[in-house]
Amino acid sequence: MVQNELKQWLLPKRAFGDCFGCAPHNTKGLNLQFWYTEKGCISYDRVPKEFCGFTGLTHGGIIATLLDEVAAWTVITHLYQIGITIQATVNYLKPVPTEEPLIIEGEITKKSGEHVETLAKVSSKKGLLLAQAESKWLIPSNSLLSKITGLDQEEIERLISTTVEEIKKLKQESQKAGAKNLVSDS
């Protein structure tokens, strides 16, 4: 996808706990920020050199995290639900450098009942595809999320509701205001 053709808007910085991928208060994490797009979500990042595998190259586990995180936020923003990764196939196509601008994109490719499939990609600023992942997600009930996380079901519902309501509000405001509230990264 060509960046200057992509209409998008910034999602609220929201995290469920101390998420390594997106929690703004996790000083050891990636602190990813996401933008909503019509197809899914997008993030822009520069992986710090501390997250290398070999000097100058991003560790494969970090690449998998980038792909998983954008897919997760795509599910949240387009289905208004939390998903749990149940399978991911990552293809490492080219070396992913540290300290260089990256574009991380996700989209939903299939939804069937409580299962969702996504495609996520990491590209260079110039549009070279570096890695991609096809993943399968389970959309669990809030009671199952409570069992898995150990959080009270009411807390799970509050976290999801707060996040979803903010996203819905942003979508409505953007639709009312039209293109002037949308940003294009150029």
# chains A, B, ... in the order shown; residues from 1 in each chain; ligands from 1
>>> select_by_dssp(residues="chain A", states="helix (DSSP H, G or I)", output="ChimeraX atom specification")
/A:3-5,49-51,60-79,142-149,153-181
>>> residues_around(residues="region 66-70 of chain A", least_positions_apart="6", cutoff="8 Å", atoms="only C-alpha atoms", output="NGL selection string")
:A and (21-22 or 34 or 41-43 or 85 or 104-106 or 120-122 or 132-133 or 135)
>>> select_by_dssp(residues="region 1-178 of chain A", states="strand (DSSP E)", output="PyMOL selection string")
chain A and resi 7-10+35-37+40-46+84-92+101-112+115-124+129-138
>>> residues_around(residues="region 50-58 of chain A", least_positions_apart="2", cutoff="8 Å", atoms="only C-alpha atoms", output="count of residues only")
10
>>> atom_distance(atom1="CA of Leu11 (chain A)", atom2="CA of Ile167 (chain A)")
6.8 Å
>>> atom_distance(atom1="CA of Leu30 (chain A)", atom2="CA of Gly150 (chain A)")
23.9 Å
>>> closest_residue(among="A:Ile82, A:Val90, A:Leu151, A:Leu32", to="Glu134 (chain A)", atoms="only C-alpha atoms")
A:Val90
>>> closest_atom_pairs(of="region 88-145 of chain A", to="region 72-80 of chain A", cutoff="9 Å", atoms="only C-alpha atoms", output="CSV")
residue,atom,partner,partner_atom,distance
A:Glu105,CA,A:Thr74,CA,8.8
A:Gly106,CA,A:Thr74,CA,6.1
A:Glu107,CA,A:Thr74,CA,6.1
A:Ile108,CA,A:Thr74,CA,7.0
A:Val116,CA,A:Val75,CA,8.0
A:Thr118,CA,A:Val75,CA,8.3
A:Trp137,CA,A:Ala72,CA,8.6
>>> atom_distance(atom1="CA of Gly113 (chain A)", atom2="CA of Ile139 (chain A)")
8.6 Å
>>> residues_around(residues="Lys94 (chain A)", least_positions_apart="2", cutoff="9 Å", atoms="only C-alpha atoms", output="PDB file with C-alpha atoms, in the first residue's frame")
ATOM      1  CA  TYR A  92      10.614 -13.669   7.206  1.00  0.00           C
ATOM      2  CA  VAL A  96      14.351  -6.166   9.074  1.00  0.00           C
ATOM      3  CA  LEU A 128       9.647  -3.314   0.341  1.00  0.00           C
ATOM      4  CA  LEU A 129       7.840  -6.236   2.008  1.00  0.00           C
ATOM      5  CA  LEU A 130      10.121  -7.586   4.765  1.00  0.00           C
ATOM      6  CA  ALA A 131       7.909 -10.002   6.721  1.00  0.00           C
TER       7      ALA A 131
END
